[in-house]
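S.K.: Dropping in model-v7.cif, with mmCIF, C-alpha atoms and all ligand atoms.
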data_protein
loop_
_atom_site.label_atom_id
_atom_site.label_comp_id
_atom_site.auth_asym_id
_atom_site.auth_seq_id
_atom_site.Cartn_x
_atom_site.Cartn_y
_atom_site.Cartn_z
CA MET T 1 19.96 5.00 13.32
CA GLN T 2 18.69 8.54 13.65
CA THR T 3 15.06 9.06 14.59
CA LEU T 4 12.46 8.81 11.82
CA ALA T 5 10.43 11.65 13.36
CA PRO T 6 11.34 14.15 10.57
CA VAL T 7 10.23 11.61 7.95
CA PHE T 8 6.85 11.09 9.63
CA GLU T 9 6.47 14.87 9.92
CA ALA T 10 7.26 15.34 6.22
CA ILE T 11 4.64 12.70 5.38
CA GLU T 12 2.13 14.51 7.59
CA VAL T 13 2.76 17.80 5.76
CA ALA T 14 2.57 16.10 2.36
CA ALA T 15 -0.69 14.34 3.32
CA HIS T 16 -2.25 17.65 4.24
CA ARG T 17 -1.16 19.24 0.95
CA ILE T 18 -2.40 16.25 -1.08
CA HIS T 19 -5.74 16.30 0.72
CA GLU T 20 -6.07 19.99 -0.20
CA ALA T 21 -5.23 19.21 -3.83
CA ILE T 22 -7.78 16.36 -3.99
CA THR T 23 -10.44 18.67 -2.55
CA ASN T 24 -9.71 21.72 -4.68
CA GLU T 25 -8.24 20.58 -8.01
CA ASP T 26 -9.90 19.05 -11.09
CA THR T 27 -9.63 15.32 -11.82
CA ASP T 28 -8.33 15.84 -15.38
CA TYR T 29 -5.97 13.42 -17.07
CA SER T 30 -2.53 14.57 -18.25
CA VAL T 31 -0.95 13.51 -21.55
CA ASN T 32 1.62 11.32 -19.74
CA GLN T 33 1.77 7.61 -18.90
CA ASN T 34 3.51 6.25 -15.80
CA GLN T 35 5.95 3.31 -15.79
CA SER T 36 3.10 0.81 -15.63
CA GLY T 37 1.52 2.25 -18.77
CA GLU T 38 -1.34 4.00 -16.96
CA ILE T 39 -2.38 7.51 -18.03
CA GLN T 40 -1.52 9.83 -15.15
CA LEU T 41 -4.05 12.19 -13.61
CA LYS T 42 -2.75 15.70 -13.07
CA LEU T 43 -3.33 14.93 -9.37
CA ASP T 44 -0.98 11.90 -9.57
CA ILE T 45 1.77 14.19 -10.87
CA GLN T 46 1.01 16.93 -8.36
CA SER T 47 1.01 14.48 -5.42
CA ASP T 48 4.32 13.05 -6.61
CA LEU T 49 5.86 16.54 -6.72
CA ILE T 50 4.52 17.42 -3.27
CA ILE T 51 6.08 14.35 -1.68
CA ALA T 52 9.40 14.75 -3.51
CA GLU T 53 9.52 18.39 -2.39
CA GLU T 54 8.92 17.51 1.28
CA PHE T 55 11.52 14.68 1.27
CA SER T 56 14.09 16.86 -0.50
CA LYS T 57 14.17 19.05 2.65
CA LEU T 58 15.49 16.13 4.75
CA PRO T 59 19.25 15.36 4.76
CA ILE T 60 18.49 11.84 6.07
CA VAL T 61 16.79 10.86 2.78
CA LYS T 62 19.30 9.41 0.34
CA ALA T 63 17.01 8.34 -2.51
CA ILE T 64 13.37 8.25 -3.50
CA ALA T 65 11.52 5.98 -5.92
CA SER T 66 7.97 6.68 -6.94
CA GLU T 67 5.32 4.86 -8.89
CA GLU T 68 5.21 7.97 -11.09
CA LYS T 69 8.98 8.09 -11.79
CA GLU T 70 10.90 5.83 -14.15
CA GLU T 71 14.06 5.58 -12.07
CA GLU T 72 15.10 6.21 -8.48
CA GLU T 73 16.18 9.77 -7.74
CA ILE T 74 19.18 10.48 -5.51
CA LEU T 75 18.39 13.39 -3.18
CA ASN T 76 21.41 13.28 -0.91
CA PRO T 77 24.28 10.81 -1.49
CA GLU T 78 25.27 11.14 2.20
CA GLY T 79 21.75 10.32 3.38
CA GLN T 80 20.69 7.03 4.92
CA LEU T 81 17.11 6.24 3.89
CA CYS T 82 15.65 5.06 0.61
CA ILE T 83 11.93 5.83 0.48
CA ALA T 84 9.58 4.32 -2.10
CA TYR T 85 6.11 5.75 -2.42
CA ASP T 86 2.93 5.56 -4.40
CA PRO T 87 1.73 9.18 -4.16
CA LEU T 88 -1.93 8.58 -5.04
CA ASP T 89 -2.86 4.92 -5.07
CA GLY T 90 -6.29 4.13 -6.52
CA SER T 91 -6.43 7.50 -8.25
CA SER T 92 -8.83 6.13 -10.89
CA LEU T 93 -11.45 6.25 -8.09
CA ILE T 94 -11.13 9.99 -7.45
CA ASP T 95 -13.67 11.07 -10.05
CA VAL T 96 -16.34 8.91 -8.36
CA ASP T 97 -15.28 10.20 -4.93
CA LEU T 98 -14.20 6.88 -3.40
CA SER T 99 -11.30 6.74 -0.94
CA VAL T 100 -7.72 6.77 -2.19
CA GLY T 101 -4.33 6.71 -0.46
CA SER T 102 -0.59 7.35 -0.36
CA ILE T 103 1.81 4.51 0.54
CA PHE T 104 5.42 4.81 1.79
CA GLY T 105 8.05 2.09 2.25
CA ILE T 106 11.09 3.27 4.22
CA TYR T 107 14.25 1.25 3.57
CA ASP T 108 17.61 1.44 5.33
CA GLY T 109 20.14 2.25 2.59
CA GLU T 110 18.97 -0.08 -0.18
CA TRP T 111 15.87 -1.24 -2.04
CA SER T 112 15.43 -4.60 -0.37
CA ALA T 113 12.44 -5.91 1.61
CA HIS T 114 14.87 -7.15 4.28
CA LYS T 115 16.01 -3.54 4.73
CA MET T 116 12.54 -2.14 5.37
CA ILE T 117 12.45 -0.38 8.72
CA ALA T 118 9.11 1.41 8.61
CA SER T 119 6.05 1.75 6.51
CA VAL T 120 3.25 4.30 6.40
CA TYR T 121 0.00 4.80 4.55
CA ILE T 122 -2.50 7.63 4.39
CA VAL T 123 -6.19 7.13 3.54
CA TYR T 124 -8.02 10.11 2.04
CA GLY T 125 -11.64 9.22 2.76
CA PRO T 126 -14.43 10.95 4.63
CA ARG T 127 -11.59 11.52 7.11
CA THR T 128 -7.87 11.61 6.42
CA GLU T 129 -6.15 8.86 8.42
CA MET T 130 -2.59 7.60 8.80
CA VAL T 131 -1.21 4.23 9.84
CA THR T 132 2.49 3.82 10.70
CA ALA T 133 4.40 0.60 11.31
CA TYR T 134 7.70 1.13 13.12
CA LYS T 135 9.58 -0.54 15.98
CA ASN T 136 6.96 -3.22 16.73
CA ASN T 137 4.01 -0.83 16.78
CA VAL T 138 1.24 -0.29 14.26
CA ARG T 139 -0.25 3.07 15.15
CA HIS T 140 -3.46 4.60 13.88
CA PHE T 141 -3.97 8.38 13.53
CA THR T 142 -6.80 10.59 12.35
CA TRP T 143 -6.63 14.19 11.13
CA ARG T 144 -8.05 16.62 13.70
CA HIS T 145 -7.71 20.40 13.62
CA GLY T 146 -4.58 20.58 11.50
CA ARG T 147 -2.63 17.59 12.94
CA PHE T 148 -2.73 13.82 13.12
CA LYS T 149 -4.11 12.71 16.47
CA GLU T 150 -3.22 9.21 17.63
CA LEU T 151 -6.05 6.72 18.18
CA SER T 152 -5.40 3.15 19.34
CA GLN T 153 -2.74 0.70 18.20
CA ILE T 154 -3.85 -1.82 15.57
CA ARG T 155 -3.92 -5.63 15.99
CA ILE T 156 -5.58 -7.82 13.40
CA GLY T 157 -7.70 -10.78 14.59
CA ASP T 158 -6.72 -14.41 13.92
CA LYS T 159 -9.82 -14.88 11.78
CA GLY T 160 -11.96 -12.23 10.17
CA LYS T 161 -15.14 -11.95 8.14
CA LEU T 162 -14.21 -9.89 5.07
CA ASN T 163 -13.09 -11.00 1.62
CA ALA T 164 -11.58 -8.47 -0.82
CA PRO T 165 -10.73 -10.32 -4.04
CA GLY T 166 -8.79 -8.24 -6.61
CA GLY T 167 -8.11 -8.87 -10.29
CA THR T 168 -10.47 -9.58 -13.16
CA GLN T 169 -12.49 -12.72 -12.35
CA GLN T 170 -12.52 -13.81 -15.99
CA HIS T 171 -8.72 -14.21 -15.73
CA TRP T 172 -8.57 -16.01 -12.37
CA SER T 173 -7.29 -19.59 -12.19
CA THR T 174 -9.86 -22.24 -11.24
CA HIS T 175 -8.10 -22.93 -7.92
CA HIS T 176 -8.09 -19.22 -7.02
CA LYS T 177 -11.80 -19.02 -7.78
CA ALA T 178 -12.39 -22.14 -5.67
CA MET T 179 -10.47 -20.58 -2.75
CA ILE T 180 -12.43 -17.30 -2.95
CA ASP T 181 -15.77 -19.14 -3.30
CA GLY T 182 -14.78 -21.35 -0.36
CA LEU T 183 -14.48 -18.31 1.90
CA PHE T 184 -17.84 -16.94 0.73
CA ASN T 185 -19.36 -20.38 1.45
CA GLU T 186 -17.98 -20.08 5.00
CA GLY T 187 -19.92 -16.81 5.45
CA TYR T 188 -17.33 -14.22 4.45
CA ARG T 189 -18.72 -10.93 3.11
CA LEU T 190 -17.51 -9.11 0.02
CA ARG T 191 -15.80 -5.78 0.73
CA TYR T 192 -13.95 -4.44 -2.30
CA SER T 193 -13.72 -0.84 -3.49
CA GLY T 194 -10.88 -1.24 -6.01
CA GLY T 195 -8.53 0.93 -3.94
CA MET T 196 -5.77 -1.08 -2.26
CA VAL T 197 -5.34 1.36 0.61
CA PRO T 198 -8.97 1.60 1.80
CA ASP T 199 -9.55 -2.12 1.13
CA LEU T 200 -6.59 -3.17 3.28
CA HIS T 201 -7.38 -0.48 5.87
CA GLN T 202 -10.88 -1.86 6.27
CA ILE T 203 -9.66 -5.41 6.85
CA LEU T 204 -7.09 -4.22 9.42
CA LEU T 205 -9.61 -2.18 11.38
CA LYS T 206 -12.57 -4.55 11.16
CA GLY T 207 -10.78 -7.46 12.79
CA GLY T 208 -9.41 -9.33 9.78
CA GLY T 209 -10.15 -11.10 6.52
CA LEU T 210 -8.37 -11.56 3.20
CA PHE T 211 -7.22 -9.14 0.49
CA SER T 212 -5.91 -10.92 -2.60
CA TYR T 213 -4.48 -9.77 -5.89
CA PRO T 214 -3.42 -13.01 -7.61
CA GLY T 215 -1.47 -13.76 -10.74
CA THR T 216 -4.02 -14.01 -13.56
CA THR T 217 -3.94 -15.23 -17.15
CA ASP T 218 -3.58 -11.63 -18.37
CA LYS T 219 -1.16 -10.58 -15.57
CA PRO T 220 0.71 -13.70 -14.36
CA LYS T 221 2.84 -11.60 -11.99
CA GLY T 222 -0.13 -9.68 -10.59
CA LYS T 223 -0.58 -5.93 -10.76
CA LEU T 224 0.59 -4.55 -7.45
CA ARG T 225 4.14 -3.21 -7.23
CA LYS T 226 6.56 -4.64 -4.70
CA LEU T 227 8.45 -1.53 -3.57
CA PHE T 228 5.54 0.90 -3.32
CA GLU T 229 2.55 -1.30 -2.45
CA VAL T 230 3.29 -4.94 -1.66
CA PHE T 231 6.27 -4.65 0.74
CA PRO T 232 4.88 -1.68 2.74
CA PHE T 233 1.57 -3.44 3.36
CA ALA T 234 3.29 -6.77 4.08
CA PHE T 235 5.35 -5.00 6.76
CA ILE T 236 2.23 -3.46 8.32
CA TYR T 237 0.19 -6.70 8.23
CA GLU T 238 2.96 -8.78 9.80
CA LEU T 239 3.57 -6.23 12.57
CA ALA T 240 -0.17 -6.11 13.25
CA GLY T 241 -0.22 -9.89 13.75
CA GLY T 242 -1.35 -10.95 10.28
CA GLU T 243 0.47 -12.57 7.38
CA ALA T 244 1.41 -11.61 3.83
CA ILE T 245 2.43 -14.19 1.22
CA ASP T 246 2.77 -14.79 -2.52
CA GLU T 247 1.15 -17.62 -4.52
CA ASN T 248 3.93 -20.06 -3.50
CA GLY T 249 3.36 -19.47 0.19
CA ASN T 250 6.54 -17.36 0.53
CA ARG T 251 6.58 -14.35 2.81
CA LEU T 252 6.30 -11.30 0.59
CA LEU T 253 9.06 -9.72 2.68
CA ASP T 254 11.44 -12.50 1.58
CA LEU T 255 10.99 -11.78 -2.13
CA PRO T 256 13.80 -10.15 -4.12
CA CYS T 257 13.15 -6.96 -6.05
CA ASP T 258 15.29 -6.31 -9.12
CA ASP T 259 13.39 -3.39 -10.60
CA PRO T 260 11.53 -0.54 -8.88
CA HIS T 261 8.36 -1.35 -10.83
CA GLU T 262 8.38 -5.14 -10.37
CA THR T 263 5.03 -6.66 -9.33
CA SER T 264 4.00 -9.76 -7.37
CA PRO T 265 0.82 -11.73 -6.76
CA CYS T 266 -0.07 -11.02 -3.13
CA PHE T 267 -2.30 -12.15 -0.27
CA PHE T 268 -2.69 -10.17 2.95
CA GLY T 269 -4.82 -11.31 5.85
CA SER T 270 -5.36 -12.86 9.22
CA LYS T 271 -3.71 -16.17 10.05
CA TYR T 272 -6.79 -18.27 9.29
CA GLU T 273 -7.46 -16.88 5.80
CA ILE T 274 -3.79 -17.09 4.84
CA SER T 275 -3.80 -20.75 5.91
CA ARG T 276 -6.73 -21.28 3.50
CA VAL T 277 -4.72 -19.69 0.68
CA LYS T 278 -1.67 -21.87 1.45
CA ASP T 279 -3.83 -24.96 1.59
CA VAL T 280 -5.45 -24.42 -1.81
CA TYR T 281 -2.37 -23.09 -3.62
CA SER T 282 -0.01 -25.78 -2.29
CA LYS T 283 -2.08 -28.46 -4.01
CA GLN T 284 -1.49 -26.93 -7.51
P1 LIG R 1 -5.42 2.08 -9.38
O1 LIG R 1 -5.03 1.34 -10.61
O2 LIG R 1 -6.77 2.72 -9.44
O3 LIG R 1 -4.35 3.07 -8.93
O4 LIG R 1 -2.26 -0.37 -7.96
C1 LIG R 1 -3.25 0.49 -8.09
C2 LIG R 1 -4.66 -0.02 -7.87
O5 LIG R 1 -5.54 0.99 -8.17
C3 LIG R 1 -4.90 -0.51 -6.43
O6 LIG R 1 -5.19 0.53 -5.54
C4 LIG R 1 -6.06 -1.46 -6.59
O7 LIG R 1 -6.14 -2.44 -5.56
C5 LIG R 1 -5.81 -2.07 -7.92
O8 LIG R 1 -4.98 -1.15 -8.66
C6 LIG R 1 -7.07 -2.36 -8.66
O9 LIG R 1 -6.78 -2.71 -9.97
P2 LIG R 1 -7.82 -3.30 -11.03
O10 LIG R 1 -9.10 -2.57 -10.85
O11 LIG R 1 -7.14 -3.06 -12.34
O12 LIG R 1 -7.95 -4.76 -10.72
#
Before anything else, please render the file you have as structure tokens.

M.R.:
Amino acid sequence: MQTLAPVFEAIEVAAHRIHEAITNEDTDYSVNQNQSGEIQLKLDIQSDLIIAEEFSKLPIVKAIASEEKEEEEILNPEGQLCIAYDPLDGSSLIDVDLSVGSIFGIYDGEWSAHKMIASVYIVYGPRTEMVTAYKNNVRHFTWRHGRFKELSQIRIGDKGKLNAPGGTQQHWSTHHKAMIDGLFNEGYRLRYSGGMVPDLHQILLKGGGLFSYPGTTDKPKGKLRKLFEVFPFAFIYELAGGEAIDENGNRLLDLPCDDPHETSPCFFGSKYEISRVKDVYSKQ
């Protein structure tokens, strides 16, 4: 395996360009819908183009798949890596100036969770930050004077204090509601912005907790997409010492993925909170 350094550098360049676009461009909607039926912001499209352009400069990248593209795109048939990305996750929050992110799953040769070798996300908040998971390390960077500067490595605690419950409550199952209420009754505090990247970033950096996006009556398979969102964060949480499972208690990283836009119910957290999820869901 060649080094992934050029890929991380391309992501760094793309992050800088996307940050500039978020700061300087309007938050208008386009006339297009993405694969999940959401109306795309012009910024979604622009961010997608920026990332594709940076990856197309790298011979090591064989194929890309994006939340904003219908099908995978082959960049270099001789290349080795397949990279899935969500260019601007949580973009519906941009007009109210909440944090958003970019997510990257880096796969060795094929679109399978078992082939994931690295994962990266960027948070565009008051500061632009990057977290990379690669070769047993989860590393945290912040943007300083035109480059990412490394801070400390990230380890999640065995038990946290935060609860970030996604999905529309009206459509939750009774057992899911009981599990979420149970954590609040134990003293957990609500921390939920509606952006997957900042919500999961907060739990990682504040010692632990639970982020959930369950299957609901209106979306039985959840909302979050395996290749671009679920697998990359599962990889990061596991490497940081946490766990990431579906509603049957399976590791998310053991799930198959037959379509680039397939979704899965998902739970990310510290060991204690995931054991609470398993306990409640196994009794259904
Ligand atoms: P968004 O639709 O704003 O892009 O998958 C995208 C996502 O945001 C996640 O970032 C977020 O966790 C989730 O959807 C929130 O969705 P709902 O508000 O529809 O529950």

S.K.: Residues at most 7 Å from ligand LIG 1 (chain R), using only C-alpha atoms and all ligand atoms? Could they come as a PDB file with C-alpha atoms, keeping the file's coordinate frame?

M.R.:
ATOM      1  CA  ASP T  89      -2.860   4.920  -5.070  1.00  0.00           C
ATOM      2  CA  GLY T  90      -6.290   4.130  -6.520  1.00  0.00           C
ATOM      3  CA  SER T  91      -6.430   7.500  -8.250  1.00  0.00           C
ATOM      4  CA  SER T  92      -8.830   6.130 -10.890  1.00  0.00           C
ATOM      5  CA  LEU T  93     -11.450   6.250  -8.090  1.00  0.00           C
ATOM      6  CA  GLY T 166      -8.790  -8.240  -6.610  1.00  0.00           C
ATOM      7  CA  GLY T 167      -8.110  -8.870 -10.290  1.00  0.00           C
ATOM      8  CA  THR T 168     -10.470  -9.580 -13.160  1.00  0.00           C
ATOM      9  CA  GLY T 194     -10.880  -1.240  -6.010  1.00  0.00           C
ATOM     10  CA  GLY T 195      -8.530   0.930  -3.940  1.00  0.00           C
ATOM     11  CA  MET T 196      -5.770  -1.080  -2.260  1.00  0.00           C
ATOM     12  CA  VAL T 197      -5.340   1.360   0.610  1.00  0.00           C
ATOM     13  CA  LYS T 223      -0.580  -5.930 -10.760  1.00  0.00           C
ATOM     14  CA  LEU T 224       0.590  -4.550  -7.450  1.00  0.00           C
TER      15      LEU T 224
END

S.K.: Of the candidates T:Val61, T:Ile106, T:Val277, T:Leu41, which shows the shortest atom-to-atom distance to Ala178 of chain T, using only C-alpha atoms?

M.R.: T:Val277

S.K.: Just to confirm, what's the straight-line distance from atom CA of Glu229 of chain T to atom CA of Val13 of chain T in Å (one decimal)?

M.R.: 20.8 Å

S.K.: List every protein, DNA or RNA residue with an atom no more than 8 Å from (-1.0, 7.7, 10.8) in the file's coordinates, counting all atoms listed in the file, and format the result as a ChimeraX atom specification.

M.R.: /T:120-122,129-132,139-142,148,150

S.K.: Between T:Phe8, T:Phe55, T:Tyr272, T:Tyr213, which one has atoms that come closest to Arg225 of chain T, using only C-alpha atoms?

M.R.: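 Comparing T:Phe8, T:Phe55, T:Tyr272, T:Tyr213 against Arg225 of chain T, the winner is T:Tyr213.
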
S.K.: One decimal, in Å: what's the spacing between atom CA of Ile245 of chain T and atom CA of Ala164 of chain T?

M.R.: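 Interatomic distance here is 15.3 Å.
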
S.K.: Find, counting only C-alpha atoms, the residue in T:Gly207, T:Pro59, T:Pro77, T:Gly146 that gets nearest to Lys161 of chain T.

M.R.: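 Among the listed residues, the smallest separation from Lys161 of chain T belongs to T:Gly207.
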
S.K.: Which residues, written as JSON, numbers by chain, have at least one atom at most 9 Å from Ile51 of chain T, with all atoms listed in the file counted and residues fewer than 4 positions away on the same chain left out?

M.R.: {"T": [10, 11, 13, 14, 15, 18, 46, 47, 55, 56, 85, 87]}

S.K.: How many Å lie between atom CA of Asn136 of chain T and atom CA of Ala240 of chain T, rounded to one decimal?

M.R.: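 Computing the Euclidean distance for atom CA of Asn136 of chain T and atom CA of Ala240 of chain T yields 8.4 Å.
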